[in-house]
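S.K.: Here you go, this is upload_34.tsv (TSV, C-alpha atoms).
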```tsv
chain	number	residue	atom	x	y	z
A	1	MET	CA	14.53	-10.72	11.38
A	2	LYS	CA	17.20	-9.86	13.94
A	3	TYR	CA	18.28	-6.74	12.05
A	4	ILE	CA	14.72	-5.79	11.12
A	5	ASN	CA	13.59	-6.12	14.75
A	6	GLU	CA	16.50	-3.95	15.84
A	7	ALA	CA	15.26	-1.27	13.45
A	8	PHE	CA	11.75	-1.37	14.94
A	9	GLU	CA	12.91	-1.61	18.55
A	10	SER	CA	15.20	1.40	18.14
A	11	ASN	CA	12.48	3.26	16.17
A	12	TRP	CA	14.94	3.71	13.29
A	13	ILE	CA	12.61	2.85	10.41
A	14	ALA	CA	13.46	5.29	7.64
A	15	PRO	CA	15.36	7.13	6.46
A	16	LEU	CA	18.88	6.00	7.35
A	17	GLY	CA	19.92	4.55	10.70
A	18	PRO	CA	22.47	2.17	12.27
A	19	ASN	CA	21.78	-0.65	9.80
A	20	VAL	CA	22.55	1.67	6.87
A	21	ASP	CA	25.88	2.69	8.41
A	22	ALA	CA	26.77	-0.92	9.17
A	23	PHE	CA	25.67	-2.20	5.76
A	24	GLU	CA	27.88	0.36	4.03
A	25	MET	CA	30.91	-0.61	6.11
A	26	GLU	CA	30.28	-4.33	5.68
A	27	MET	CA	29.80	-3.97	1.92
A	28	ALA	CA	32.99	-1.93	1.57
A	29	SER	CA	34.87	-4.58	3.52
A	30	CYS	CA	33.32	-7.39	1.47
A	31	VAL	CA	34.55	-6.05	-1.87
A	32	GLY	CA	37.72	-4.38	-0.57
A	33	VAL	CA	37.18	-0.64	-1.05
A	34	LYS	CA	37.44	2.35	1.28
A	35	GLY	CA	33.77	3.26	1.32
A	36	ALA	CA	30.21	2.71	0.15
A	37	VAL	CA	26.89	4.57	0.00
A	38	ALA	CA	23.62	2.64	0.30
A	39	VAL	CA	20.93	3.92	-2.03
A	40	SER	CA	17.45	3.05	-3.24
A	41	THR	CA	18.46	1.28	-6.47
A	42	GLY	CA	21.46	0.37	-8.59
A	43	THR	CA	20.14	2.85	-11.15
A	44	ALA	CA	20.34	5.60	-8.53
A	45	ALA	CA	23.96	4.62	-7.85
A	46	ILE	CA	24.82	4.99	-11.56
A	47	HIS	CA	23.05	8.36	-11.65
A	48	LEU	CA	25.03	9.57	-8.64
A	49	ALA	CA	28.30	8.40	-10.19
A	50	LEU	CA	27.55	10.34	-13.36
A	51	SER	CA	26.67	13.41	-11.28
A	52	LEU	CA	29.92	13.11	-9.35
A	53	LEU	CA	31.83	12.98	-12.64
A	54	ASP	CA	30.06	16.17	-13.74
A	55	VAL	CA	28.38	14.57	-16.75
A	56	GLN	CA	26.19	17.27	-18.30
A	57	LYS	CA	24.10	18.10	-21.33
A	58	GLY	CA	26.20	17.82	-24.47
A	59	ASP	CA	28.63	15.32	-22.97
A	60	THR	CA	28.97	11.75	-24.19
A	61	VAL	CA	29.29	8.54	-22.16
A	62	PHE	CA	30.45	5.23	-23.61
A	63	CYS	CA	28.37	2.27	-22.41
A	64	SER	CA	28.09	-1.48	-22.96
A	65	SER	CA	25.28	-2.25	-25.39
A	66	LEU	CA	24.45	-5.78	-24.21
A	67	THR	CA	22.90	-4.90	-20.86
A	68	PHE	CA	19.68	-3.91	-19.12
A	69	VAL	CA	18.35	-0.44	-19.90
A	70	ALA	CA	19.12	0.77	-16.35
A	71	SER	CA	22.82	0.90	-17.24
A	72	ALA	CA	22.20	3.70	-19.74
A	73	ASN	CA	19.05	5.51	-18.64
A	74	PRO	CA	20.94	7.72	-16.12
A	75	ILE	CA	23.03	9.05	-19.00
A	76	LEU	CA	19.82	10.53	-20.38
A	77	TYR	CA	18.86	11.81	-16.91
A	78	GLN	CA	21.95	14.03	-17.11
A	79	GLY	CA	21.08	15.24	-20.61
A	80	ALA	CA	24.16	13.50	-22.03
A	81	GLU	CA	24.42	11.21	-25.05
A	82	PRO	CA	25.21	7.50	-24.78
A	83	VAL	CA	27.55	5.85	-27.27
A	84	PHE	CA	27.12	2.09	-27.33
A	85	ILE	CA	29.97	-0.41	-27.51
A	86	ASP	CA	29.58	-3.98	-28.75
A	87	SER	CA	30.47	-7.16	-26.86
A	88	GLU	CA	33.32	-9.57	-27.54
A	89	PRO	CA	32.87	-13.38	-27.62
A	90	ASP	CA	35.16	-14.38	-24.73
A	91	THR	CA	33.07	-12.77	-21.97
A	92	TRP	CA	30.03	-11.33	-23.81
A	93	ASN	CA	31.07	-8.01	-22.27
A	94	ILE	CA	32.30	-4.72	-23.74
A	95	SER	CA	34.83	-5.24	-26.54
A	96	PRO	CA	38.27	-3.66	-26.04
A	97	VAL	CA	38.61	-3.57	-29.85
A	98	ALA	CA	35.37	-1.66	-30.31
A	99	LEU	CA	36.14	0.60	-27.33
A	100	GLU	CA	39.54	1.52	-28.75
A	101	LYS	CA	37.97	2.37	-32.10
A	102	ALA	CA	35.32	4.54	-30.42
A	103	PHE	CA	38.03	6.40	-28.48
A	104	ARG	CA	40.14	6.98	-31.60
A	105	GLU	CA	37.21	8.51	-33.45
A	106	ALA	CA	36.19	10.55	-30.40
A	107	ALA	CA	39.73	11.89	-30.02
A	108	SER	CA	39.94	12.85	-33.69
A	109	ALA	CA	36.65	14.73	-33.33
A	110	SER	CA	37.78	16.32	-30.02
A	111	LYS	CA	34.78	14.69	-28.32
A	112	ILE	CA	36.31	12.51	-25.60
A	113	PRO	CA	33.59	10.99	-23.36
A	114	LYS	CA	33.16	12.06	-19.75
A	115	ALA	CA	32.95	8.42	-18.57
A	116	VAL	CA	32.79	4.78	-19.66
A	117	ILE	CA	30.20	2.43	-18.15
A	118	ILE	CA	31.49	-1.15	-18.18
A	119	VAL	CA	28.94	-3.86	-17.36
A	120	ASN	CA	29.81	-7.30	-15.96
A	121	LEU	CA	27.09	-9.28	-17.70
A	122	TYR	CA	25.28	-12.13	-15.91
A	123	GLY	CA	28.03	-12.20	-13.30
A	124	GLN	CA	30.97	-12.57	-15.69
A	125	PRO	CA	33.68	-9.89	-15.30
A	126	ALA	CA	34.74	-8.05	-18.43
A	127	LYS	CA	38.33	-7.93	-19.72
A	128	MET	CA	39.28	-5.34	-17.14
A	129	ASP	CA	43.04	-5.19	-17.78
A	130	GLU	CA	42.55	-4.19	-21.41
A	131	LEU	CA	39.59	-1.90	-20.71
A	132	VAL	CA	41.25	-0.08	-17.81
A	133	SER	CA	44.40	0.40	-19.91
A	134	ILE	CA	42.41	2.00	-22.75
A	135	CYS	CA	40.52	4.32	-20.42
A	136	LYS	CA	43.73	5.36	-18.66
A	137	LYS	CA	45.33	6.17	-22.00
A	138	TYR	CA	42.53	8.62	-22.73
A	139	LYS	CA	42.25	9.73	-19.07
A	140	VAL	CA	38.55	8.86	-18.86
A	141	PRO	CA	37.00	7.56	-15.60
A	142	ILE	CA	35.25	4.20	-15.38
A	143	ILE	CA	31.90	3.40	-13.79
A	144	GLU	CA	31.83	-0.36	-13.29
A	145	ASP	CA	28.28	-1.68	-13.37
A	146	ALA	CA	28.53	-4.79	-11.18
A	147	ALA	CA	24.78	-5.00	-10.54
A	148	GLU	CA	24.80	-8.65	-11.62
A	149	SER	CA	28.28	-9.63	-10.43
A	150	LEU	CA	28.52	-9.29	-6.65
A	151	GLY	CA	30.76	-12.14	-5.50
A	152	SER	CA	32.56	-12.41	-8.85
A	153	LYS	CA	36.30	-11.82	-9.20
A	154	TYR	CA	38.80	-10.79	-11.86
A	155	LYS	CA	42.31	-12.11	-11.18
A	156	GLY	CA	41.47	-12.36	-7.49
A	157	LYS	CA	40.06	-8.84	-7.17
A	158	ALA	CA	36.37	-8.23	-6.52
A	159	SER	CA	34.13	-7.21	-9.37
A	160	GLY	CA	33.00	-3.60	-9.05
A	161	THR	CA	36.31	-2.31	-7.71
A	162	PHE	CA	38.28	-1.58	-10.91
A	163	GLY	CA	36.69	1.71	-11.83
A	164	ASP	CA	36.49	5.11	-10.20
A	165	PHE	CA	33.05	4.00	-9.01
A	166	GLY	CA	31.42	0.60	-8.68
A	167	ILE	CA	27.70	-0.11	-8.78
A	168	PHE	CA	25.78	-2.94	-7.12
A	169	SER	CA	22.09	-3.78	-7.15
A	170	PHE	CA	20.00	-5.54	-4.50
A	171	ASN	CA	16.86	-5.81	-6.59
A	172	GLY	CA	14.66	-8.83	-5.91
A	173	ASN	CA	16.24	-10.87	-8.71
A	174	LYS	CA	19.88	-10.31	-7.72
A	175	ILE	CA	22.16	-12.78	-5.97
A	176	ILE	CA	21.39	-11.09	-2.65
A	177	THR	CA	18.49	-8.71	-2.19
A	178	THR	CA	17.08	-5.98	0.03
A	179	SER	CA	13.86	-6.21	-2.05
A	180	GLY	CA	14.98	-2.98	-3.69
A	181	GLY	CA	18.25	-1.17	-3.22
A	182	GLY	CA	21.73	-0.46	-4.51
A	183	MET	CA	25.23	0.53	-3.47
A	184	LEU	CA	27.80	2.98	-4.79
A	185	VAL	CA	31.37	1.99	-3.87
A	186	SER	CA	34.69	3.75	-4.35
A	187	ASN	CA	38.12	4.42	-2.89
A	188	ASN	CA	37.39	8.13	-3.26
A	189	THR	CA	35.87	8.83	0.16
A	190	GLU	CA	35.51	12.55	-0.54
A	191	ALA	CA	33.35	11.79	-3.57
A	192	LEU	CA	31.26	9.34	-1.53
A	193	GLU	CA	30.53	12.05	1.04
A	194	LYS	CA	29.27	14.24	-1.78
A	195	ALA	CA	27.16	11.30	-2.99
A	196	ARG	CA	25.54	11.04	0.46
A	197	PHE	CA	24.79	14.75	0.32
A	198	LEU	CA	23.25	14.55	-3.16
A	199	ALA	CA	21.28	11.41	-2.28
A	200	THR	CA	19.67	13.11	0.73
A	201	GLN	CA	18.07	15.95	-1.24
A	202	ALA	CA	21.32	17.97	-1.08
A	203	ARG	CA	20.32	19.67	2.15
A	204	ASP	CA	22.83	22.32	3.17
A	205	PRO	CA	24.29	22.29	6.73
A	206	ALA	CA	21.97	25.05	7.99
A	207	PRO	CA	19.57	25.33	10.97
A	208	HIS	CA	16.69	25.35	8.46
A	209	TYR	CA	15.91	23.55	5.20
A	210	GLN	CA	18.23	25.13	2.66
A	211	HIS	CA	19.23	23.77	-0.76
A	212	SER	CA	21.84	25.27	-3.05
A	213	VAL	CA	22.21	22.43	-5.58
A	214	LEU	CA	19.92	19.83	-7.10
A	215	GLY	CA	19.60	16.71	-4.96
A	216	TYR	CA	17.80	13.36	-5.02
A	217	ASN	CA	15.78	11.19	-2.68
A	218	TYR	CA	18.03	8.17	-3.13
A	219	ARG	CA	18.99	6.91	0.34
A	220	MET	CA	18.19	3.42	1.59
A	221	SER	CA	15.94	2.82	4.58
A	222	ASN	CA	17.19	1.31	7.84
A	223	ILE	CA	14.88	-1.70	7.46
A	224	LEU	CA	16.07	-2.56	3.96
A	225	ALA	CA	19.68	-2.14	5.04
A	226	GLY	CA	19.00	-4.64	7.81
A	227	ILE	CA	17.83	-7.14	5.21
A	228	GLY	CA	20.98	-6.40	3.21
A	229	ARG	CA	23.24	-7.06	6.18
A	230	SER	CA	21.74	-10.49	6.71
A	231	GLN	CA	21.86	-11.28	3.00
A	232	LEU	CA	25.52	-10.30	2.83
A	233	GLU	CA	26.25	-12.96	5.45
A	234	VAL	CA	25.09	-15.68	3.03
A	235	LEU	CA	26.66	-14.26	-0.15
A	236	ASP	CA	29.21	-17.08	-0.49
A	237	GLU	CA	26.47	-19.64	-0.03
A	238	ARG	CA	24.38	-18.03	-2.75
A	239	VAL	CA	27.33	-17.85	-5.15
A	240	ASN	CA	28.12	-21.52	-4.56
A	241	LYS	CA	24.50	-22.44	-5.26
A	242	ARG	CA	24.36	-20.46	-8.52
A	243	ARG	CA	27.61	-22.01	-9.68
A	244	ALA	CA	26.31	-25.49	-8.80
A	245	ILE	CA	23.16	-24.80	-10.83
A	246	PHE	CA	25.30	-23.74	-13.79
A	247	GLU	CA	27.51	-26.84	-13.50
A	248	THR	CA	24.47	-29.14	-13.50
A	249	TYR	CA	23.07	-27.48	-16.60
A	250	GLN	CA	26.45	-27.71	-18.31
A	251	GLU	CA	26.98	-31.37	-17.40
A	252	GLU	CA	23.53	-32.33	-18.66
A	253	LEU	CA	23.26	-30.17	-21.78
A	254	ALA	CA	26.71	-29.23	-23.11
A	255	HIS	CA	26.94	-32.42	-25.19
A	256	ILE	CA	23.93	-31.42	-27.29
A	257	PRO	CA	25.16	-30.18	-30.70
A	258	GLY	CA	24.62	-26.46	-31.13
A	259	ILE	CA	24.52	-25.51	-27.45
A	260	SER	CA	27.32	-23.26	-26.14
A	261	PHE	CA	27.28	-21.95	-22.57
A	262	MET	CA	28.44	-18.46	-21.63
A	263	PRO	CA	32.22	-18.76	-21.17
A	264	GLU	CA	34.15	-18.00	-18.00
A	265	LEU	CA	37.30	-16.10	-18.93
A	266	GLU	CA	40.53	-17.63	-17.65
A	267	GLY	CA	41.60	-15.90	-14.43
A	268	THR	CA	38.06	-14.86	-13.54
A	269	PHE	CA	35.45	-16.25	-11.16
A	270	SER	CA	31.82	-15.68	-12.13
A	271	ASN	CA	29.00	-15.83	-9.61
A	272	ARG	CA	26.94	-17.35	-12.48
A	273	TRP	CA	24.03	-15.10	-11.55
A	274	LEU	CA	22.15	-16.48	-14.53
A	275	THR	CA	22.94	-19.58	-16.56
A	276	THR	CA	22.86	-18.67	-20.23
A	277	PHE	CA	23.63	-20.47	-23.46
A	278	THR	CA	23.41	-19.91	-27.20
A	279	ILE	CA	21.78	-22.14	-29.80
A	280	ASN	CA	23.43	-22.64	-33.16
A	281	ARG	CA	20.52	-23.07	-35.55
A	282	SER	CA	22.65	-24.93	-38.10
A	283	ASN	CA	22.92	-27.75	-35.54
A	284	THR	CA	19.45	-27.71	-34.02
A	285	ASN	CA	17.28	-26.10	-36.72
A	286	LEU	CA	15.35	-24.55	-33.83
A	287	PRO	CA	15.23	-20.79	-33.25
A	288	PRO	CA	15.49	-19.76	-29.59
A	289	ILE	CA	11.97	-18.31	-29.60
A	290	GLU	CA	10.54	-21.78	-30.30
A	291	LEU	CA	12.47	-23.24	-27.37
A	292	LEU	CA	11.15	-20.43	-25.16
A	293	HIS	CA	7.58	-21.15	-26.26
A	294	ALA	CA	8.04	-24.88	-25.69
A	295	LEU	CA	9.37	-24.30	-22.17
A	296	ASP	CA	6.57	-21.84	-21.45
A	297	SER	CA	4.02	-24.49	-22.42
A	298	GLU	CA	5.53	-26.60	-19.61
A	299	ASN	CA	5.20	-23.66	-17.17
A	300	ILE	CA	8.95	-23.03	-17.26
A	301	GLU	CA	10.08	-19.41	-17.59
A	302	ALA	CA	13.16	-18.80	-19.71
A	303	ARG	CA	14.10	-15.59	-21.51
A	304	HIS	CA	16.14	-14.09	-24.31
A	305	VAL	CA	19.43	-12.52	-23.26
A	306	TRP	CA	19.29	-8.73	-23.02
A	307	LYS	CA	18.29	-6.99	-26.22
A	308	PRO	CA	21.26	-4.70	-27.04
A	309	LEU	CA	20.58	-1.09	-26.18
A	310	HIS	CA	21.57	0.16	-29.62
A	311	MET	CA	18.63	-1.90	-30.96
A	312	GLN	CA	16.13	-0.35	-28.55
A	313	PRO	CA	13.75	2.30	-29.94
A	314	LEU	CA	14.74	4.64	-27.09
A	315	PHE	CA	18.38	4.64	-28.21
A	316	SER	CA	18.05	4.08	-31.96
A	317	ASN	CA	19.54	7.48	-32.85
A	318	TYR	CA	22.78	7.07	-30.89
A	319	LYS	CA	26.15	5.82	-32.12
A	320	TYR	CA	27.15	2.17	-31.91
A	321	TYR	CA	30.56	0.56	-32.42
A	322	PRO	CA	30.57	-3.14	-33.39
A	323	HIS	CA	33.29	-5.57	-32.35
A	324	ALA	CA	34.46	-5.93	-35.94
A	325	LYS	CA	33.42	-4.80	-39.40
A	326	ASN	CA	30.18	-6.56	-40.33
A	327	GLU	CA	30.23	-8.43	-37.00
A	328	SER	CA	27.96	-7.40	-34.14
A	329	VAL	CA	28.58	-9.86	-31.32
A	330	SER	CA	25.80	-8.46	-29.13
A	331	GLU	CA	23.21	-8.74	-31.90
A	332	GLU	CA	24.14	-12.36	-32.54
A	333	LEU	CA	23.96	-13.17	-28.82
A	334	PHE	CA	20.50	-11.65	-28.68
A	335	LYS	CA	19.39	-13.74	-31.66
A	336	THR	CA	20.75	-17.00	-30.26
A	337	GLY	CA	20.96	-16.62	-26.47
A	338	ILE	CA	18.67	-17.96	-23.75
A	339	CYS	CA	18.63	-17.39	-19.98
A	340	LEU	CA	17.56	-20.41	-17.95
A	341	PRO	CA	15.86	-20.57	-14.54
A	342	SER	CA	18.72	-20.10	-12.07
A	343	GLY	CA	17.30	-18.89	-8.74
A	344	SER	CA	19.18	-19.79	-5.57
A	345	ALA	CA	16.08	-21.51	-4.16
A	346	MET	CA	15.79	-23.78	-7.18
A	347	THR	CA	15.65	-27.47	-6.23
A	348	LEU	CA	17.51	-30.17	-8.12
A	349	GLU	CA	14.14	-31.73	-8.94
A	350	ASP	CA	12.95	-28.52	-10.58
A	351	GLN	CA	16.21	-28.11	-12.44
A	352	MET	CA	16.09	-31.66	-13.78
A	353	ARG	CA	12.56	-30.98	-15.03
A	354	VAL	CA	13.91	-27.99	-17.00
A	355	ILE	CA	16.76	-30.10	-18.34
A	356	SER	CA	14.42	-32.92	-19.30
A	357	CYS	CA	12.21	-30.54	-21.27
A	358	ILE	CA	15.18	-29.04	-23.12
A	359	LYS	CA	16.51	-32.50	-24.02
A	360	LYS	CA	13.09	-33.54	-25.24
A	361	ILE	CA	12.82	-30.45	-27.44
A	362	LEU	CA	16.37	-30.33	-28.80
A	363	VAL	CA	17.25	-34.02	-28.95
A	364	SER	CA	13.97	-35.85	-29.44
A	365	GLY	CA	12.28	-33.09	-31.38
```
Turn the structure described in the file into structure tokens.
M.R.:
Amino acid sequence: MKYINEAFESNWIAPLGPNVDAFEMEMASCVGVKGAVAVSTGTAAIHLALSLLDVQKGDTVFCSSLTFVASANPILYQGAEPVFIDSEPDTWNISPVALEKAFREAASASKIPKAVIIVNLYGQPAKMDELVSICKKYKVPIIEDAAESLGSKYKGKASGTFGDFGIFSFNGNKIITTSGGGMLVSNNTEALEKARFLATQARDPAPHYQHSVLGYNYRMSNILAGIGRSQLEVLDERVNKRRAIFETYQEELAHIPGISFMPELEGTFSNRWLTTFTINRSNTNLPPIELLHALDSENIEARHVWKPLHMQPLFSNYKYYPHAKNESVSEELFKTGICLPSGSAMTLEDQMRVISCIKKILVSG
């Protein structure tokens, strides 16, 4: 309320204002980059990154398949074609093996992508050393979609800072929220200035309204940035809570045959934005959909993991590279994976009720 009141008292409501400037600086400092641009959504931040990399009609962009549709929609906004890359089992994120294969075929066809979008799924960082090395070999920039992984780290370095551009989301379901909002981060301050220009309808520096290039209405309001500033102050607290929720689930459920929790790669630190696990039907003889229905009957909301984008009707005509021949990791995760209630405000009593229901279903039948 302090930051929101400041916005009203100063009459800086929207657009922009002191809170926006401060939020950008504080966010850049938090993750350890030179600059940041506050925007209306994480999707807008991805769109701006693609625009800055001059992605156009006829270009291709490689993208993680196991992710929310917002990771890939901006590729279509630019008239480009997505090429989807499978997951690998150690992190559930983009497979270096599949990515290398996609690059080899692209190089042989003289169709190198303009960018690679790497997603850090459910807070878990991808295998960035291997992925960055592959992209450097082919001289292709990386957009790191860290919408779900603010507060996570890979070998001590903040998630979202390994690519040419990093993307964060402050949607209502994220680990911190501005109700709706996003952030584009980078060490390329010149590119970020262009992003600010494009995100503010690309208004030329003239004494009248003049526009020479296509722009967007993507900037964040001063009020929402005030909410973001206060949320950023409790980021560590929120991460600790999500990790505690995960640890309780794991302690209570990991012993059940057939349940495997999403792994945390050695050398990484996941914010555990969502607790997820897979069910091996050979052990439980229970398909995930039946567990979801059983939980729903107890007024408990759980969900499938993301349906891979290459399986979505919208993207059914685009290329997809599996992790291995006859092995699609992302498809198997979709078939067997479940996301559990994991909100930061969740009480231990509520969590134990979820756990009790799962035990009753999987153990007692």
S.K.: Pick out the closest residue to Ser64 in chain A from this set: A:Met352, A:Ala36, A:Ile85, A:Met311. Count all atoms listed in the file.
M.R.: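 Looking only at the distances to Ser64 in chain A, the closest residue turns out to be A:Ile85.
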S.K.: Can you tell me which residues surround Leu52 in chain A at a distance of at most 8 Å, considering only C-alpha atoms, apart from same-chain residues fewer than 5 positions away, and format the answer as a PyMOL selection string?
M.R.: chain A and resi 191+194-195
S.K.: List every residue of range 79-162 of chain A that has an atom at most 10 Å from any atom of range 234-248 of chain A, and for each one report the closest atom pair and its distance in Å to one decimal, counting all atoms listed in the file, with rows sorted by chain and then by increasing residue number, as a Markdown table.
M.R.:
```
| residue | atom | partner | partner_atom | distance |
| --- | --- | --- | --- | --- |
| A:Gly123 | CA | A:Val239 | CA | 9.9 |
| A:Ser149 | CA | A:Val239 | CA | 9.8 |
| A:Leu150 | CA | A:Leu235 | CA | 8.4 |
| A:Gly151 | CA | A:Val239 | CA | 6.7 |
| A:Ser152 | CA | A:Val239 | CA | 8.4 |
```
S.K.: Using all atoms listed in the file, which of the listed residues (A:Trp92, A:Phe103, A:Tyr218, A:Phe165) sits closest to Lys127 in chain A?
M.R.: A:Trp92
S.K.: Write out as an NGL selection string which residues come within 8 Å of Gln231 in chain A when counting all atoms listed in the file, dropping same-chain ones fewer than 6 positions away.
M.R.: :A and (176-178)
S.K.: Could you check which of A:Ile358, A:Met1, A:Cys339, A:Leu309 is closest to Pro82 in chain A, using all atoms listed in the file?
M.R.: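 With all atoms listed in the file as the atom set, the closest residue is A:Leu309.
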S.K.: Using all atoms listed in the file, which of A:Leu291, A:Met128, A:Val354, A:Ala102 sits nearest His323 in chain A?
M.R.: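 Closest residue, counting all atoms listed in the file: A:Ala102.
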S.K.: For Glu130 in chain A, which of A:Thr161, A:Thr60, A:Ser342, A:Ser95 is the closest residue, counting all atoms listed in the file?
M.R.: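 Checking each of A:Thr161, A:Thr60, A:Ser342, A:Ser95 against Glu130 in chain A, counting all atoms listed in the file, the winner is A:Ser95.
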S.K.: Near Glu332 in chain A, counting all atoms listed in the file, which residues have an atom at most 12 Å away, once you skip same-chain residues fewer than 2 positions from it, shown as a ChimeraX atom specification?
M.R.: /A:66,86-89,92,278-281,288,304-308,311,322-323,326-330,334-338
S.K.: Please indicate the distance in Å from CA of Ser29 in chain A to CA of Lys114 in chain A, rounded to one decimal place.
M.R.: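 Between CA of Ser29 in chain A and CA of Lys114 in chain A the gap works out to 28.7 Å.
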S.K.: Determine, for each residue of range 183-287 of chain A having at least one atom at most 12 Å from an atom of range 135-146 of chain A, the closest pair of atoms and their separation in Å to one decimal, counting only C-alpha atoms; order by chain and ascending number, as a tab-separated table.
M.R.:
```
residue	atom	partner	partner_atom	distance
A:Met183	CA	A:Ala146	CA	9.9
A:Leu184	CA	A:Asp145	CA	9.8
A:Val185	CA	A:Glu144	CA	9.7
A:Ser186	CA	A:Ile143	CA	9.8
A:Ser270	CA	A:Ala146	CA	11.4
A:Asn271	CA	A:Ala146	CA	11.2
A:Trp273	CA	A:Ala146	CA	11.3
```
S.K.: Please write out, as lines of an AutoDock Vina configuration file, where the centre of an axis-aligned box around all listed atoms of range 147-162 of chain A lies and how long its edges are, in Å to one decimal, after adding 5 Å on each side.
M.R.:
```
center_x = 33.5
center_y = -7.0
center_z = -8.7
size_x = 27.5
size_y = 20.8
size_z = 16.4
```
S.K.: Which of these residues is nearest to Tyr318 in chain A, using only C-alpha atoms: A:Asp129, A:Glu298, A:Glu81, A:Asp59?
M.R.: A:Glu81
S.K.: Please compute the CA of Ala22 in chain A-CA of Ala126 in chain A distance, one decimal, in Å.
M.R.: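 So the two atoms, CA of Ala22 in chain A and CA of Ala126 in chain A, lie 29.6 Å apart.
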S.K.: Just how far from CA of Lys2 in chain A is CA of Met27 in chain A, in Å to one decimal?
M.R.: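 Between CA of Met27 in chain A and CA of Lys2 in chain A the gap is 18.4 Å.
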S.K.: Is there a way to get, as a ChimeraX atom specification, all residues within 9 Å of the point (23.4, -29.2, -29.1) in file coordinates, counting only C-alpha atoms?
M.R.: /A:253-260,279-280,283-284,362-363
S.K.: Quick one: write out the picked residues with C-alpha atoms as a short mmCIF file (atom, residue, chain, number, x, y, z; two decimals), keeping the file's coordinate frame?
M.R.:
```
data_model
loop_
_atom_site.label_atom_id
_atom_site.label_comp_id
_atom_site.auth_asym_id
_atom_site.auth_seq_id
_atom_site.Cartn_x
_atom_site.Cartn_y
_atom_site.Cartn_z
CA LEU A 253 23.26 -30.17 -21.78
CA ALA A 254 26.71 -29.23 -23.11
CA HIS A 255 26.94 -32.42 -25.19
CA ILE A 256 23.93 -31.42 -27.29
CA PRO A 257 25.16 -30.18 -30.70
CA GLY A 258 24.62 -26.46 -31.13
CA ILE A 259 24.52 -25.51 -27.45
CA SER A 260 27.32 -23.26 -26.14
CA ILE A 279 21.78 -22.14 -29.80
CA ASN A 280 23.43 -22.64 -33.16
CA ASN A 283 22.92 -27.75 -35.54
CA THR A 284 19.45 -27.71 -34.02
CA LEU A 362 16.37 -30.33 -28.80
CA VAL A 363 17.25 -34.02 -28.95
#
```
S.K.: Applying 12 Å and all atoms listed in the file, which residues near range 293-296 of chain A remain after dropping the ones on its own chain fewer than 6 positions away? List them as a list in words.
M.R.: Leu286, Pro287, Ala302, Arg303, His304, Ile338, Cys339, Leu340, Pro341, Arg353, Val354, Ile355, Ser356, Cys357, Ile358, Lys359, Lys360, Ile361, Leu362 and Gly365 of chain A
S.K.: Leaving out Asp21 in chain A and any residue of its chain fewer than 3 positions from it, which residues lie within 9 Å of it when counting only C-alpha atoms, given as a list in words?
M.R.: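 Skipping anything fewer than 3 positions along the chain leaves Leu16, Gly17, Pro18, Glu24, Met25, Glu26, Val37, Ala38, Asn222 and Ala225 of chain A.
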